[in-house]
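Note: the block below is upload_37.cif and it holds mmCIF, C-alpha atoms.
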data_target
loop_
_atom_site.group_PDB
_atom_site.id
_atom_site.type_symbol
_atom_site.label_atom_id
_atom_site.label_comp_id
_atom_site.auth_asym_id
_atom_site.auth_seq_id
_atom_site.Cartn_x
_atom_site.Cartn_y
_atom_site.Cartn_z
ATOM 1 C CA MET G 1 49.447 -24.410 118.055
ATOM 2 C CA ALA G 2 52.106 -24.440 115.323
ATOM 3 C CA ASP G 3 49.672 -26.221 112.951
ATOM 4 C CA GLN G 4 47.065 -23.510 113.520
ATOM 5 C CA GLN G 5 49.606 -20.768 112.750
ATOM 6 C CA ALA G 6 50.684 -22.544 109.547
ATOM 7 C CA THR G 7 47.043 -22.953 108.500
ATOM 8 C CA ALA G 8 46.365 -19.259 109.149
ATOM 9 C CA GLN G 9 49.418 -18.288 107.082
ATOM 10 C CA ASN G 10 48.271 -20.525 104.215
ATOM 11 C CA GLN G 11 44.782 -19.036 104.350
ATOM 12 C CA GLY G 12 46.258 -15.520 104.534
ATOM 13 C CA ALA G 13 47.736 -15.824 101.023
ATOM 14 C CA VAL G 14 44.393 -17.061 99.640
ATOM 15 C CA ILE G 15 42.347 -14.411 101.450
ATOM 16 C CA GLY G 16 44.780 -11.664 100.441
ATOM 17 C CA GLY G 17 44.647 -12.791 96.807
ATOM 18 C CA TRP G 18 40.852 -12.703 96.680
ATOM 19 C CA VAL G 19 40.727 -9.330 98.431
ATOM 20 C CA CYS G 20 43.187 -7.864 95.928
ATOM 21 C CA ILE G 21 41.130 -9.214 92.995
ATOM 22 C CA ALA G 22 37.880 -7.855 94.464
ATOM 23 C CA LEU G 23 39.355 -4.396 95.110
ATOM 24 C CA GLY G 24 41.054 -4.262 91.714
ATOM 25 C CA THR G 25 37.834 -5.229 89.924
ATOM 26 C CA ALA G 26 35.839 -2.602 91.838
ATOM 27 C CA LEU G 27 38.346 0.112 90.936
ATOM 28 C CA MET G 28 38.259 -0.883 87.257
ATOM 29 C CA VAL G 29 34.467 -0.717 87.164
ATOM 30 C CA TRP G 30 34.558 2.661 88.906
ATOM 31 C CA THR G 31 37.016 4.159 86.414
ATOM 32 C CA LEU G 32 39.632 2.774 84.068
ATOM 33 C CA LEU G 33 41.757 5.827 84.793
ATOM 34 C CA SER G 34 42.579 4.494 88.272
ATOM 35 C CA PHE G 35 45.099 2.014 86.812
ATOM 36 C CA LEU G 36 47.776 3.254 89.228
ATOM 37 C CA LEU G 37 45.648 1.654 91.960
ATOM 38 C CA TYR G 38 44.185 -1.485 90.454
ATOM 39 C CA LEU G 39 47.224 -2.705 88.489
ATOM 40 C CA PRO G 40 49.340 -3.107 91.674
ATOM 41 C CA LEU G 41 46.409 -4.962 93.286
ATOM 42 C CA PHE G 42 46.214 -7.478 90.423
ATOM 43 C CA LEU G 43 49.995 -7.839 90.515
ATOM 44 C CA ALA G 44 49.791 -8.556 94.243
ATOM 45 C CA ALA G 45 47.013 -11.088 93.605
ATOM 46 C CA PHE G 46 49.210 -12.780 90.970
ATOM 47 C CA VAL G 47 52.052 -13.107 93.481
ATOM 48 C CA LEU G 48 49.695 -14.346 96.235
ATOM 49 C CA GLY G 49 48.296 -16.908 93.796
ATOM 50 C CA ILE G 50 51.790 -18.279 93.273
ATOM 51 C CA VAL G 51 52.301 -18.336 97.035
ATOM 52 C CA ALA G 52 49.004 -20.195 97.518
ATOM 53 C CA ILE G 53 50.019 -22.796 94.925
ATOM 54 C CA ALA G 54 53.364 -23.207 96.711
ATOM 55 C CA GLN G 55 51.411 -23.749 99.952
ATOM 56 C CA ARG G 56 49.426 -26.515 98.223
ATOM 57 C CA ARG G 57 46.221 -24.427 98.016
ATOM 58 C CA LEU G 58 45.985 -25.438 94.391
ATOM 59 C CA GLY G 59 42.318 -24.664 93.716
ATOM 60 C CA ASN G 60 42.372 -21.155 95.154
ATOM 61 C CA GLY G 61 45.911 -20.492 93.978
ATOM 62 C CA ILE G 62 45.259 -21.373 90.356
ATOM 63 C CA SER G 63 41.958 -19.435 90.362
ATOM 64 C CA ILE G 64 43.613 -16.339 91.844
ATOM 65 C CA LEU G 65 46.516 -16.646 89.399
ATOM 66 C CA LEU G 66 44.261 -16.905 86.337
ATOM 67 C CA LEU G 67 41.816 -14.204 87.438
ATOM 68 C CA SER G 68 44.608 -11.746 88.255
ATOM 69 C CA VAL G 69 45.579 -11.930 84.555
ATOM 70 C CA ALA G 70 42.189 -12.447 82.898
ATOM 71 C CA ILE G 71 40.211 -9.744 84.684
ATOM 72 C CA PRO G 72 42.456 -6.785 83.740
ATOM 73 C CA LEU G 73 42.571 -7.952 80.118
ATOM 74 C CA VAL G 74 38.940 -8.920 79.547
ATOM 75 C CA LEU G 75 37.319 -6.302 81.753
ATOM 76 C CA GLY G 76 39.677 -3.574 80.542
ATOM 77 C CA ILE G 77 38.949 -4.257 76.860
ATOM 78 C CA GLY G 78 35.204 -4.666 77.431
ATOM 79 C CA LEU G 79 34.776 -1.568 79.569
ATOM 80 C CA GLY G 80 37.003 0.474 77.252
ATOM 81 C CA ALA G 81 34.921 -0.446 74.186
ATOM 82 C CA TYR G 82 31.621 0.133 76.010
ATOM 83 C CA ARG G 83 32.567 3.551 77.359
ATOM 84 C CA THR G 84 34.050 4.623 74.016
ATOM 85 C CA GLN G 85 30.768 3.725 72.337
ATOM 86 C CA GLN G 86 28.826 5.698 74.954
ATOM 87 C CA ALA G 87 31.064 8.732 74.395
ATOM 88 C CA MET G 88 30.592 8.554 70.611
ATOM 89 C CA GLU G 89 26.827 8.285 70.981
ATOM 90 C CA GLY G 90 26.855 11.316 73.270
ATOM 91 C CA VAL G 91 28.812 13.342 70.717
ATOM 92 C CA SER G 92 26.461 12.255 67.898
ATOM 93 C CA LYS G 93 23.407 13.204 69.932
ATOM 94 C CA THR G 94 24.890 16.606 70.759
ATOM 95 C CA GLU G 95 25.628 17.277 67.080
ATOM 96 C CA ALA G 96 22.119 16.168 66.093
ATOM 97 C CA ASP G 97 20.479 18.433 68.698
ATOM 98 C CA ARG G 98 22.582 21.448 67.742
ATOM 99 C CA PRO G 99 20.907 23.890 65.302
ATOM 100 C CA ALA G 100 22.154 23.688 61.733
ATOM 101 C CA SER G 101 23.456 27.248 61.950
ATOM 102 C CA GLU G 102 25.706 26.260 64.881
ATOM 103 C CA SER G 103 26.913 22.883 63.612
ATOM 104 C CA ALA G 104 29.447 24.416 61.224
ATOM 105 C CA PRO G 105 30.846 27.754 62.387
ATOM 106 C CA ALA G 106 31.118 30.247 59.584
ATOM 107 C CA THR G 107 34.555 31.278 58.522
ATOM 108 C CA GLU G 108 35.505 34.923 58.267
ATOM 109 C CA GLU G 109 35.168 34.782 54.478
ATOM 110 C CA GLN G 110 31.677 33.266 54.734
ATOM 111 C CA GLU G 111 30.531 35.890 57.240
ATOM 112 C CA PHE G 112 31.528 38.826 55.064
ATOM 113 C CA ALA G 113 31.002 37.346 51.579
ATOM 114 C CA PRO G 114 28.352 39.255 49.595
ATOM 115 C CA PRO G 115 25.202 37.325 48.707
ATOM 116 C CA PRO G 116 25.323 35.755 45.249
ATOM 117 C CA GLY G 117 23.646 37.711 42.510
ATOM 118 C CA PRO G 118 24.053 38.972 38.956
ATOM 119 C CA THR G 119 26.851 41.364 38.111
ATOM 120 C CA PRO G 120 25.927 44.857 36.834
ATOM 121 C CA GLU G 121 26.816 43.699 33.326
ATOM 122 C CA GLU G 122 24.623 40.585 33.578
ATOM 123 C CA GLN G 123 21.732 42.640 34.931
ATOM 124 C CA TYR G 124 22.070 45.227 32.166
ATOM 125 C CA ILE G 125 22.111 42.477 29.508
ATOM 126 C CA ALA G 126 18.946 40.926 30.919
ATOM 127 C CA GLU G 127 17.011 44.160 31.406
ATOM 128 C CA SER G 128 18.284 46.771 28.941
ATOM 129 C CA ILE G 129 19.543 45.206 25.704
ATOM 130 C CA GLU G 130 17.069 43.937 23.138
ATOM 131 C CA LEU G 131 17.953 41.512 20.324
ATOM 132 C CA TYR G 132 15.403 41.166 17.532
ATOM 133 C CA ASP G 133 14.930 40.444 13.809
ATOM 134 C CA PHE G 134 17.298 37.510 14.202
ATOM 135 C CA GLN G 135 17.770 35.341 11.104
ATOM 136 C CA ALA G 136 19.963 32.285 10.611
ATOM 137 C CA LYS G 137 19.900 30.835 7.102
ATOM 138 C CA TYR G 138 21.965 30.136 4.015
ATOM 139 C CA MET G 139 22.908 33.418 2.342
ATOM 140 C CA ASP G 140 24.719 34.334 -0.845
ATOM 141 C CA SER G 141 28.251 35.621 -0.448
ATOM 142 C CA VAL G 142 30.103 37.281 -3.308
ATOM 143 C CA LEU G 143 33.344 35.556 -2.436
ATOM 144 C CA ASP G 144 32.201 32.244 -0.907
ATOM 145 C CA GLY G 145 28.886 31.539 -2.589
ATOM 146 C CA ARG G 146 26.041 30.144 -0.487
ATOM 147 C CA VAL G 147 27.103 29.922 3.177
ATOM 148 C CA PRO G 148 25.423 29.884 6.593
ATOM 149 C CA GLY G 149 24.937 33.415 7.863
ATOM 150 C CA VAL G 150 23.189 35.410 10.550
ATOM 151 C CA SER G 151 21.742 38.896 10.855
ATOM 152 C CA PHE G 152 20.019 40.709 13.715
ATOM 153 C CA LYS G 153 19.288 44.070 15.282
ATOM 154 C CA MET G 154 20.193 45.269 18.748
ATOM 155 C CA LYS G 155 18.764 48.146 20.800
ATOM 156 C CA ASN G 156 20.150 49.725 23.954
ATOM 157 C CA ASN G 157 17.096 50.404 26.114
ATOM 158 C CA GLY G 158 19.138 51.367 29.167
ATOM 159 C CA ASP G 159 20.910 54.499 30.336
ATOM 160 C CA ARG G 160 24.531 53.402 29.874
ATOM 161 C CA THR G 161 26.754 53.713 26.814
ATOM 162 C CA LEU G 162 28.340 50.454 25.700
ATOM 163 C CA ASP G 163 31.853 50.238 24.262
ATOM 164 C CA ARG G 164 31.680 46.512 23.638
ATOM 165 C CA VAL G 165 29.005 43.878 23.107
ATOM 166 C CA GLU G 166 29.903 40.228 22.528
ATOM 167 C CA ILE G 167 27.396 37.899 20.876
ATOM 168 C CA VAL G 168 27.361 34.108 20.526
ATOM 169 C CA VAL G 169 25.195 32.196 18.047
ATOM 170 C CA LEU G 170 24.531 28.499 18.703
ATOM 171 C CA PHE G 171 23.763 26.349 15.657
ATOM 172 C CA LYS G 172 21.647 23.196 16.060
ATOM 173 C CA ASP G 173 20.938 20.058 14.059
ATOM 174 C CA ALA G 174 17.557 18.474 13.294
ATOM 175 C CA THR G 175 17.352 16.978 16.801
ATOM 176 C CA GLY G 176 17.870 20.335 18.504
ATOM 177 C CA SER G 177 21.406 19.547 19.677
ATOM 178 C CA VAL G 178 24.002 22.302 19.493
ATOM 179 C CA ILE G 179 26.693 21.324 16.981
ATOM 180 C CA ALA G 180 28.614 24.593 16.482
ATOM 181 C CA GLU G 181 28.891 28.170 17.640
ATOM 182 C CA GLU G 182 30.221 31.470 16.349
ATOM 183 C CA ASP G 183 31.268 34.585 18.296
ATOM 184 C CA TYR G 184 30.744 38.143 17.080
ATOM 185 C CA SER G 185 31.487 41.597 18.463
ATOM 186 C CA PRO G 186 29.107 44.004 16.737
ATOM 187 C CA ILE G 187 30.129 46.781 19.154
ATOM 188 C CA PHE G 188 33.868 47.072 19.722
ATOM 189 C CA VAL G 189 35.283 50.492 20.514
ATOM 190 C CA SER G 190 39.074 50.296 20.538
ATOM 191 C CA GLU G 191 42.061 52.089 19.074
ATOM 192 C CA TYR G 192 43.047 48.717 17.628
ATOM 193 C CA ASN G 193 39.747 48.221 15.792
ATOM 194 C CA LEU G 194 40.547 48.900 12.124
ATOM 195 C CA SER G 195 37.233 47.717 10.699
ATOM 196 C CA GLY G 196 35.901 51.243 10.435
ATOM 197 C CA ASP G 197 32.878 50.592 12.701
ATOM 198 C CA ASN G 198 34.250 51.967 15.951
ATOM 199 C CA LYS G 199 31.162 53.556 17.440
ATOM 200 C CA PRO G 200 29.661 52.881 20.890
ATOM 201 C CA LEU G 201 26.042 51.885 21.411
ATOM 202 C CA LYS G 202 24.459 54.836 23.187
ATOM 203 C CA PRO G 203 21.228 54.767 25.222
ATOM 204 C CA GLY G 204 18.222 54.491 22.904
ATOM 205 C CA TYR G 205 20.371 53.672 19.827
ATOM 206 C CA ILE G 206 19.771 50.694 17.505
ATOM 207 C CA TRP G 207 22.581 48.766 15.870
ATOM 208 C CA GLN G 208 22.349 46.770 12.664
ATOM 209 C CA LEU G 209 24.649 45.717 9.846
ATOM 210 C CA GLU G 210 24.595 47.604 6.584
ATOM 211 C CA ARG G 211 21.811 46.517 4.292
ATOM 212 C CA GLY G 212 22.691 43.472 2.249
ATOM 213 C CA ARG G 213 25.454 42.399 4.668
ATOM 214 C CA PHE G 214 25.470 39.564 7.175
ATOM 215 C CA TYR G 215 27.794 37.693 9.503
ATOM 216 C CA ALA G 216 29.109 34.585 7.758
ATOM 217 C CA ALA G 217 29.434 31.313 9.653
ATOM 218 C CA LYS G 218 31.489 29.308 7.213
ATOM 219 C CA SER G 219 32.677 26.764 9.826
ATOM 220 C CA VAL G 220 29.151 25.546 10.599
ATOM 221 C CA PRO G 221 28.894 21.886 9.441
ATOM 222 C CA SER G 222 26.462 20.622 6.848
ATOM 223 C CA GLU G 223 24.461 18.820 9.576
ATOM 224 C CA TRP G 224 23.079 22.209 10.616
ATOM 225 C CA LYS G 225 19.345 22.556 10.121
ATOM 226 C CA GLU G 226 18.709 25.888 8.447
ATOM 227 C CA GLY G 227 16.973 28.290 10.800
ATOM 228 C CA ALA G 228 17.788 26.246 13.921
ATOM 229 C CA ALA G 229 19.937 28.675 15.886
ATOM 230 C CA GLU G 230 19.958 30.647 19.113
ATOM 231 C CA ILE G 231 21.523 34.052 19.742
ATOM 232 C CA LYS G 232 22.501 35.597 23.066
ATOM 233 C CA ILE G 233 24.695 38.310 24.536
ATOM 234 C CA VAL G 234 27.538 36.902 26.630
ATOM 235 C CA ASP G 235 29.442 40.026 27.695
ATOM 236 C CA ILE G 236 29.419 43.834 27.565
ATOM 237 C CA ARG G 237 31.699 46.656 28.587
ATOM 238 C CA PHE G 238 30.399 49.977 29.825
ATOM 239 C CA ARG G 239 31.942 53.232 28.687
ATOM 240 C CA ASP G 240 33.833 55.056 31.401
ATOM 241 C CA GLU G 241 31.737 58.253 31.539
ATOM 242 C CA ARG G 242 34.487 60.047 33.442
ATOM 243 C CA ARG G 243 36.758 60.156 30.387
#
File written out as structure tokens:
Amino acid sequence: MADQQATAQNQGAVIGGWVCIALGTALMVWTLLSFLLYLPLFLAAFVLGIVAIAQRRLGNGISILLLSVAIPLVLGIGLGAYRTQQAMEGVSKTEADRPASESAPATEEQEFAPPPGPTPEEQYIAESIELYDFQAKYMDSVLDGRVPGVSFKMKNNGDRTLDRVEIVVLFKDATGSVIAEEDYSPIFVSEYNLSGDNKPLKPGYIWQLERGRFYAAKSVPSEWKEGAAEIKIVDIRFRDERR
């Protein structure tokens, strides 16, 4: 009778160890967040494994002891990586299915920013100011001799009076590459303008230099190909009609 009780007690440690491992594994597979339940079960299995070894149940005891340590580590790492990957794939799929307009919410500045477009000055330059009779060549200067120079005419075809017009001339070499540039302000109405030409360009008016005069471009290098130049208006200033 005593032998049967001792055998039952020895088997109880083994059975308890396996039950704890089975329950702990099931809880881990169900959810890793239930660690407050399965960690005590694996700890109990570890203790029962030691008890089984002490009771000379070496095979079961060692197996229970090893599994109570290996399962939480291996299964925890494996399940954690697998479920993290699933979550990332779900997020990627949601982002891919979302319409482009919803994927990046517009900021307050983006919602109320005006659509890009030309400024009134840029639009007036493109539509209402005409440059013509442009020449770029070597010209004779009384003071400097033969130098690069430019001349042109400009007409205000719009309905606004201009107090300032800024011009840039790009000089090119034989290959067509720009090698120099010069800036001019043929219209410049200002109290600080002492050149004597202080008139605005009114609607319908044509501007040109006095006959026989030109804009010198003495800094243009000798690599310039005579006649190879481009002229354009880069900025204007409207007259304040309220003055």
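Those residues that approach Arg164 (chain G) to within 7 Å, counting all atoms listed in the file, are Ile187, Phe188, Val189, Ile236 and Arg237 of chain G; same-chain residues fewer than 6 positions away are not listed.
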Please produce a file of those selected residues containing C-alpha atoms, as a compact mmCIF listing (two decimals), keeping the file's coordinate frame.
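Everything below was put into result00.txt:
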# COMPACT_ATOMS: atom_id res chain seq x y z
CA ILE G 187 30.13 46.78 19.15
CA PHE G 188 33.87 47.07 19.72
CA VAL G 189 35.28 50.49 20.51
CA ILE G 236 29.42 43.83 27.56
CA ARG G 237 31.70 46.66 28.59
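Atom pair CA of Leu43 (chain G) / CA of Trp30 (chain G) has a distance of 18.7 Å (rounded to one decimal).
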Tell me, in Å to one decimal, how far CA of Lys199 (chain G) is from CA of Ser185 (chain G).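 Computing it gives 12.0 Å between the two atoms.
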Do a neighbour search on region 121-131 of chain G at 10 Å with all atoms listed in the file, toss out local chain neighbours closer than 5 positions, and write the hits as a PyMOL selection string. chain G and resi 152-160+165+203-204+206-207+231-238
Keeping only C-alpha atoms, take the residues you just selected and write them out as an mmCIF file, keeping the file's coordinate frame.
data_model
loop_
_atom_site.group_PDB
_atom_site.id
_atom_site.type_symbol
_atom_site.label_atom_id
_atom_site.label_comp_id
_atom_site.auth_asym_id
_atom_site.auth_seq_id
_atom_site.Cartn_x
_atom_site.Cartn_y
_atom_site.Cartn_z
ATOM 1 C CA PHE G 152 20.019 40.709 13.715
ATOM 2 C CA LYS G 153 19.288 44.070 15.282
ATOM 3 C CA MET G 154 20.193 45.269 18.748
ATOM 4 C CA LYS G 155 18.764 48.146 20.800
ATOM 5 C CA ASN G 156 20.150 49.725 23.954
ATOM 6 C CA ASN G 157 17.096 50.404 26.114
ATOM 7 C CA GLY G 158 19.138 51.367 29.167
ATOM 8 C CA ASP G 159 20.910 54.499 30.336
ATOM 9 C CA ARG G 160 24.531 53.402 29.874
ATOM 10 C CA VAL G 165 29.005 43.878 23.107
ATOM 11 C CA PRO G 203 21.228 54.767 25.222
ATOM 12 C CA GLY G 204 18.222 54.491 22.904
ATOM 13 C CA ILE G 206 19.771 50.694 17.505
ATOM 14 C CA TRP G 207 22.581 48.766 15.870
ATOM 15 C CA ILE G 231 21.523 34.052 19.742
ATOM 16 C CA LYS G 232 22.501 35.597 23.066
ATOM 17 C CA ILE G 233 24.695 38.310 24.536
ATOM 18 C CA VAL G 234 27.538 36.902 26.630
ATOM 19 C CA ASP G 235 29.442 40.026 27.695
ATOM 20 C CA ILE G 236 29.419 43.834 27.565
ATOM 21 C CA ARG G 237 31.699 46.656 28.587
ATOM 22 C CA PHE G 238 30.399 49.977 29.825
#
Skip Ile71 (chain G) itself and residues of its chain fewer than 4 positions away, then list as a ChimeraX atom specification all residues within 9 Å of it, counting all atoms listed in the file. /G:21,24-25,42,66-67,75-76
Atom pair CA of Tyr38 (chain G) / CA of Val19 (chain G): separation (Å): 11.7 Å
Which is closer to Val47 (chain G) than all the others in G:Gln11, G:Asn60, G:Ser177, G:Ser68, using all atoms listed in the file?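 Of the candidates, the smallest distance to Val47 (chain G) is held by G:Ser68.
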The PyMOL selection byres ((chain G and resi 50) around 10) on the file shown: which residues, as a list of chain:residue names? G:Ala13, G:Val14, G:Gly17, G:Ala44, G:Ala45, G:Phe46, G:Val47, G:Leu48, G:Gly49, G:Val51, G:Ala52, G:Ile53, G:Ala54, G:Gln55, G:Arg56, G:Arg57, G:Leu58, G:Gly61, G:Ile62, G:Ile64, G:Leu65
Hey, which of G:Glu166, G:Arg211, G:Ser151, G:Ala26 ends up closest to Met139 (chain G)? Count all atoms listed in the file. G:Ser151
Answer key for the PyMOL selection byres ((chain G and resi 173) around 7), residues as a PDB file with C-alpha atoms, in the coordinates of the input:
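And here is the file that came out, out39.pdb:
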ATOM      1  CA  LYS G 172      21.647  23.196  16.060  1.00  0.00           C
ATOM      2  CA  ALA G 174      17.557  18.474  13.294  1.00  0.00           C
ATOM      3  CA  THR G 175      17.352  16.978  16.801  1.00  0.00           C
ATOM      4  CA  GLY G 176      17.870  20.335  18.504  1.00  0.00           C
ATOM      5  CA  SER G 177      21.406  19.547  19.677  1.00  0.00           C
ATOM      6  CA  VAL G 178      24.002  22.302  19.493  1.00  0.00           C
ATOM      7  CA  ILE G 179      26.693  21.324  16.981  1.00  0.00           C
ATOM      8  CA  GLU G 223      24.461  18.820   9.576  1.00  0.00           C
ATOM      9  CA  TRP G 224      23.079  22.209  10.616  1.00  0.00           C
ATOM     10  CA  LYS G 225      19.345  22.556  10.121  1.00  0.00           C
ATOM     11  CA  ALA G 228      17.788  26.246  13.921  1.00  0.00           C
TER      12      ALA G 228
END
Can you work out which one of G:Trp18, G:Tyr132, G:Phe171, G:Tyr205 has the shortest atom-to-atom distance to Lys218 (chain G), counting only C-alpha atoms?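 Comparing G:Trp18, G:Tyr132, G:Phe171, G:Tyr205 against Lys218 (chain G), the winner is G:Phe171.
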Quick one: of G:Gln208, G:Leu39, G:Ser219, G:Ala180, who's nearest to Asp133 (chain G), counting only C-alpha atoms? G:Gln208
Apply the PyMOL selection byres ((chain G and resi 141) around 12) to the file shown and report the selected residues as a PyMOL selection string. chain G and resi 138-140+142-149+212-218
